[in-house]
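Okay, structure first, notes after.
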Amino acid sequence: MWRQLCDRFGMPLGMAVVALMGIWLILMVLLPQWQMIDYSLHPSLLPAEQGGEKDVWTLANYATFFQNEIHLSIFFKTIWSSVLVTALTLAVSYPLAYYLAKVARPGQAALCLLLLIIPFWINEILRTFAWYIIFAFRGPLNELLFALGLIDRPIRFLNGDIGVLVGMVYAYILFMVFPLYNAIESLDRNQIRAARDLGAGWIRTHRRIVIPHAKPGIATGCIMTFMLAAGSYAVPALLGAPGSRWFTQIIYNWFFEGGDWNQGAAYAFLLLALCIVFVTLVMRLFKVGLGDIAR
Amino acid sequence: MDGRVSLNQVAMHFGDFTAIQPTTLEIESGEFFSFLGPSGCGKTTLLNIISGFLSPSEGDVAIGDSDMTRVPVNRRPTAMIFQNLALFPLMSVYENIEFGLEVRGIDRRRRRQKADELLALVALEGSGHKPVGDLSGGQKQRIAIARALAVEPRVLLLDEPLSALDLKLRQHMRTELKAIQRKTGITFIYITHDQGEALTMSDRVAVMSAGRIEQVADPATLYRQPASDFVASFVGENNRFSGRVMKIDGDTVTLDASLTVPVAGRAIAGTDALTVGAPATLYVRPEQWRVGAADDTRLPLAGVIENEHFEGAWLTLDVALAQGPRVRVHVAQSTAQESPDLSLSAGMSCRLDYTPARAIVLPAEVGEEVGEEGAHVATTV
Ligand SMILES: Nc1ncnc2c1ncn2[C@@H]1O[C@H](COP(=O)(O)OP(=O)(O)O)[C@@H](O)[C@H]1O
Ligand SMILES: [Mg+2]
């Protein structure tokens, strides 16, 4: 990469680019993270006590998590719900991406992509509020279902997990559709035709030809959606029931309500670490490498 | 196993554009049948209609005695070899060949047995476990054939399958394809813009132009008795002379073609298609000319050699006739060697003649005017 940079920009400029990248990485990524790790490994102390004899290295903040059953269960519920969100987003996005990449004519595809993107020009909070209004007890969705005669009394969507699931699928659909679209788009149409010609029905054609080809795209989309869902704050805060909290809300509470930054930092790192472990496991399971994803 | 393919008034429109004019055609079971025509004439469209990828705007398609018009592609007894082969790159050779068998629910052992038989047929025994990416162009070609044959199609459809190969391999694969077709007895429908391929392999050839079949015939008939101006010019090379019919005598037609002498040839479509005074075209193939020295007055046409190319078995001359039109002449190497005093190089004068019984005359097509200059060479590779 160094060689390529020098070839393209010349030695001085190449060095400048690398230096900038280095500074960016150190200042914007490594230092803040280091600070957080540092926090997480120290007890929460009054300013006066900092640097004193109580200021020792400790894993106590991490231990708190494993001793708190409620937090543990919220954590696993967050992971499980994020898996569910990812699966739902995949299920919705795959047909859409296939349609855009292989069925629609170029004009139609461009129009659909535009229609998909436009709502994302609006702030995530506002979009989530829109769902809040739609799902409200006396909101338009209940009115519609009522008018269609499907229900005889309004449903409390915002009480359970439906609101959160729908809101998240909607919030992250683009992060799934685009990698899928790119992956499917690059499949030679004749591959699909050959499978059909050899007698395969649509399901088998997707299972044996399209999905294996799109696997790196599926993996990318799933990882992004999963990480975003697990780390989401706004959607569960707005659309979730008061009783069903997301793990990010616990972290928020430690930081801003408990005022215990050290504890919050430890929780944040646990979330990050366990998400990475989980993603790595899933990648192993589906036999995709990091190289496939960067493709 | 009835591999007869019948097209009945099949037509295809894309919006306002007619890709296939209404076409009726019967392809015999076990025949090696080719569609030959320039790029864009509708060959692939027609093949897609037979395979089921497209359903025709009009007309019906039948294979054997069953109507196929409404049958989806995965339920037709056809298999296709794609222009780019479309092997499945993420699968091994075995998996590729066995794909169609897997679809049909055949058990693992019988699949492997069948795949081995097919690998033997295409002379690639023992390469079943290789990833397809490791194969050479020619080997991929054979795997594509094996994969298509695995589903025991009644009709094998081939869309310019050799176009990606280099010349040597292409010629070798022609022989091989023909051998496989004989051995299996399956109907082969072969598409190409390369007349060499069509003429060497096929039992019959349909020559297509702009969505229309111009002529269906065996290769020799196509070459000797082309039924239209397009076929006469597209299949092999031809020198065209436009003129008016002066005399019809038996099947010999004499034309006034603004040359010093009247020219004559056989009427191909029958003399009833021609009337005295009507425009018609005479076609003389480059190898039908007789060349003599400039003082050989037994030969009626005088000219000057403009170009000469040595092509091994023959010599190609471009001769400007005294009247202006330029004609292409092939002189067999043996002829050139037998008459050493005949000097055939650029700038020399010579005289020409041809045998009217082997030249042909077609009525000029509607809208075609008698050319001012009288003749021009239709050159197609
Ligand atoms: N799906 C389509 N929509 C519109 N026009 C098409 C379509 N498919 C083919 N054509 C047109 O039909 C004509 C014949 O195409 P094709 O059958 O592919 O020709 P060939 O295989 O002989 O080169 C071409 O002019 C092509 O542009
Ligand atoms: Mg084609």
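Each chain in the structure tokens gets a letter, A, B, ..., in the order shown, and its residues are numbered from 1; ligands are numbered from 1 in order too.
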Could you give me, as number ranges by chain, the residues within 12 Å of stretch 121-129 of chain A, counting only C-alpha atoms and dropping anything in the same chain fewer than 4 positions from it?
-> A: 114-117, 133-136, 158, 163-172, 232-240
For the residues in the current selection, export C-alpha atoms as a PDB file, in the first residue's frame.
```pdb
ATOM      1  CA  LEU A 114     -33.788   6.885  -4.874  1.00  0.00           C
ATOM      2  CA  LEU A 115     -37.067   6.237  -3.078  1.00  0.00           C
ATOM      3  CA  LEU A 116     -35.182   4.101  -0.585  1.00  0.00           C
ATOM      4  CA  ILE A 117     -32.559   6.750   0.045  1.00  0.00           C
ATOM      5  CA  ILE A 133     -46.846   8.298  15.728  1.00  0.00           C
ATOM      6  CA  ILE A 134     -47.850   5.509  13.360  1.00  0.00           C
ATOM      7  CA  PHE A 135     -47.747   2.921  16.141  1.00  0.00           C
ATOM      8  CA  ALA A 136     -49.525   5.095  18.713  1.00  0.00           C
ATOM      9  CA  LEU A 158     -45.328   0.281  21.662  1.00  0.00           C
ATOM     10  CA  GLY A 163     -42.266  -1.385  17.647  1.00  0.00           C
ATOM     11  CA  VAL A 164     -38.559  -1.791  18.304  1.00  0.00           C
ATOM     12  CA  LEU A 165     -38.187  -4.538  15.697  1.00  0.00           C
ATOM     13  CA  VAL A 166     -40.009  -2.648  12.962  1.00  0.00           C
ATOM     14  CA  GLY A 167     -38.271   0.600  13.803  1.00  0.00           C
ATOM     15  CA  MET A 168     -34.865  -1.013  13.621  1.00  0.00           C
ATOM     16  CA  VAL A 169     -35.509  -2.938  10.420  1.00  0.00           C
ATOM     17  CA  TYR A 170     -36.546   0.361   8.918  1.00  0.00           C
ATOM     18  CA  ALA A 171     -33.597   2.268  10.362  1.00  0.00           C
ATOM     19  CA  TYR A 172     -30.942  -0.129   9.087  1.00  0.00           C
ATOM     20  CA  SER A 232     -28.687   1.485  18.866  1.00  0.00           C
ATOM     21  CA  TYR A 233     -30.034   3.943  21.397  1.00  0.00           C
ATOM     22  CA  ALA A 234     -32.694   6.112  19.805  1.00  0.00           C
ATOM     23  CA  VAL A 235     -35.010   3.394  18.466  1.00  0.00           C
ATOM     24  CA  PRO A 236     -35.361   1.349  21.673  1.00  0.00           C
ATOM     25  CA  ALA A 237     -35.579   4.537  23.715  1.00  0.00           C
ATOM     26  CA  LEU A 238     -38.486   5.853  21.639  1.00  0.00           C
ATOM     27  CA  LEU A 239     -40.295   2.752  20.478  1.00  0.00           C
ATOM     28  CA  GLY A 240     -39.514   0.260  23.233  1.00  0.00           C
TER      29      GLY A 240
END
```
Restrict the calculation to only C-alpha atoms and all ligand atoms, then for each residue of chain B with any atom at most 8 Å from an atom of ligand 1 give the closest atom pair and their distance in Å to one decimal, rows by chain and rising residue number, as CSV.
```
residue,atom,partner,partner_atom_place_in_ligand_line,distance
B:Phe14,CA,ligand 1,4 (C),4.8
B:Gly15,CA,ligand 1,4 (C),7.3
B:Phe17,CA,ligand 1,5 (N),7.1
B:Thr18,CA,ligand 1,12 (O),7.5
B:Ala19,CA,ligand 1,12 (O),4.6
B:Ile20,CA,ligand 1,14 (C),7.7
B:Gly37,CA,ligand 1,22 (O),6.5
B:Pro38,CA,ligand 1,22 (O),6.3
B:Ser39,CA,ligand 1,23 (O),3.6
B:Gly40,CA,ligand 1,23 (O),3.4
B:Cys41,CA,ligand 1,22 (O),4.0
B:Gly42,CA,ligand 1,17 (O),3.2
B:Lys43,CA,ligand 1,22 (O),3.7
B:Thr44,CA,ligand 1,21 (O),3.6
B:Thr45,CA,ligand 1,17 (O),3.7
B:Leu46,CA,ligand 1,17 (O),6.4
B:Leu47,CA,ligand 1,17 (O),7.9
B:Asp159,CA,ligand 1,21 (O),8.0
B:Ile191,CA,ligand 1,21 (O),7.9
B:His193,CA,ligand 1,22 (O),7.8
B:Ala210,CA,ligand 1,14 (C),7.9
B:Gly211,CA,ligand 1,14 (C),7.2
```
Could you name the residues that touch A:Asp188 at 12 Å or less, counting only C-alpha atoms, but leaving out those on the same chain fewer than 2 positions away, as an MDAnalysis selection string?
-> (chainID A and resid 101:102 183:186 190:195 209:210 213:214) or (chainID B and resid 82 84:89)
Give as a ChimeraX atom specification every residue of chain B that touches chain A within 10 Å, counting only C-alpha atoms.
-> /B:51-53,72-91,96-104,147-151,153
Which one of A:Ala109, A:Ala91, A:Cys222, A:Ile79 sits closest to A:Leu274 if you count only C-alpha atoms?
-> A:Ile79
For stretch 147-153 of chain A, please output as a ChimeraX atom specification all residues within 12 Å (counting only C-alpha atoms; exclusion window: fewer than 6 positions along the same chain).
-> /A:137-138,140-141
Dump of N, CA, C and O atoms for the selected residues, as a tab-separated table (two decimals), in the first residue's frame:
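Once everything was written out, this is again23.tsv:
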```tsv
chain	number	residue	atom	x	y	z
A	137	PHE	N	-51.28	4.37	20.20
A	137	PHE	CA	-52.49	3.63	20.57
A	137	PHE	C	-53.69	4.07	19.75
A	137	PHE	O	-54.51	3.27	19.33
A	138	ARG	N	-53.78	5.39	19.51
A	138	ARG	CA	-54.86	5.89	18.65
A	138	ARG	C	-54.29	6.39	17.33
A	138	ARG	O	-54.81	7.30	16.71
A	140	PRO	N	-52.55	6.03	13.31
A	140	PRO	CA	-53.09	5.67	11.99
A	140	PRO	C	-53.09	4.16	11.72
A	140	PRO	O	-53.99	3.66	11.06
A	141	LEU	N	-52.09	3.42	12.22
A	141	LEU	CA	-52.05	1.99	11.93
A	141	LEU	C	-53.24	1.28	12.58
A	141	LEU	O	-53.93	0.48	11.94
```
Using only C-alpha atoms and all ligand atoms, which residue out of B:Gly3, B:Pro226, B:Gly312, B:Pro161 lies closest to ligand 2?
->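 Using only C-alpha atoms and all ligand atoms, the shortest distance to ligand 2 belongs to B:Pro161.
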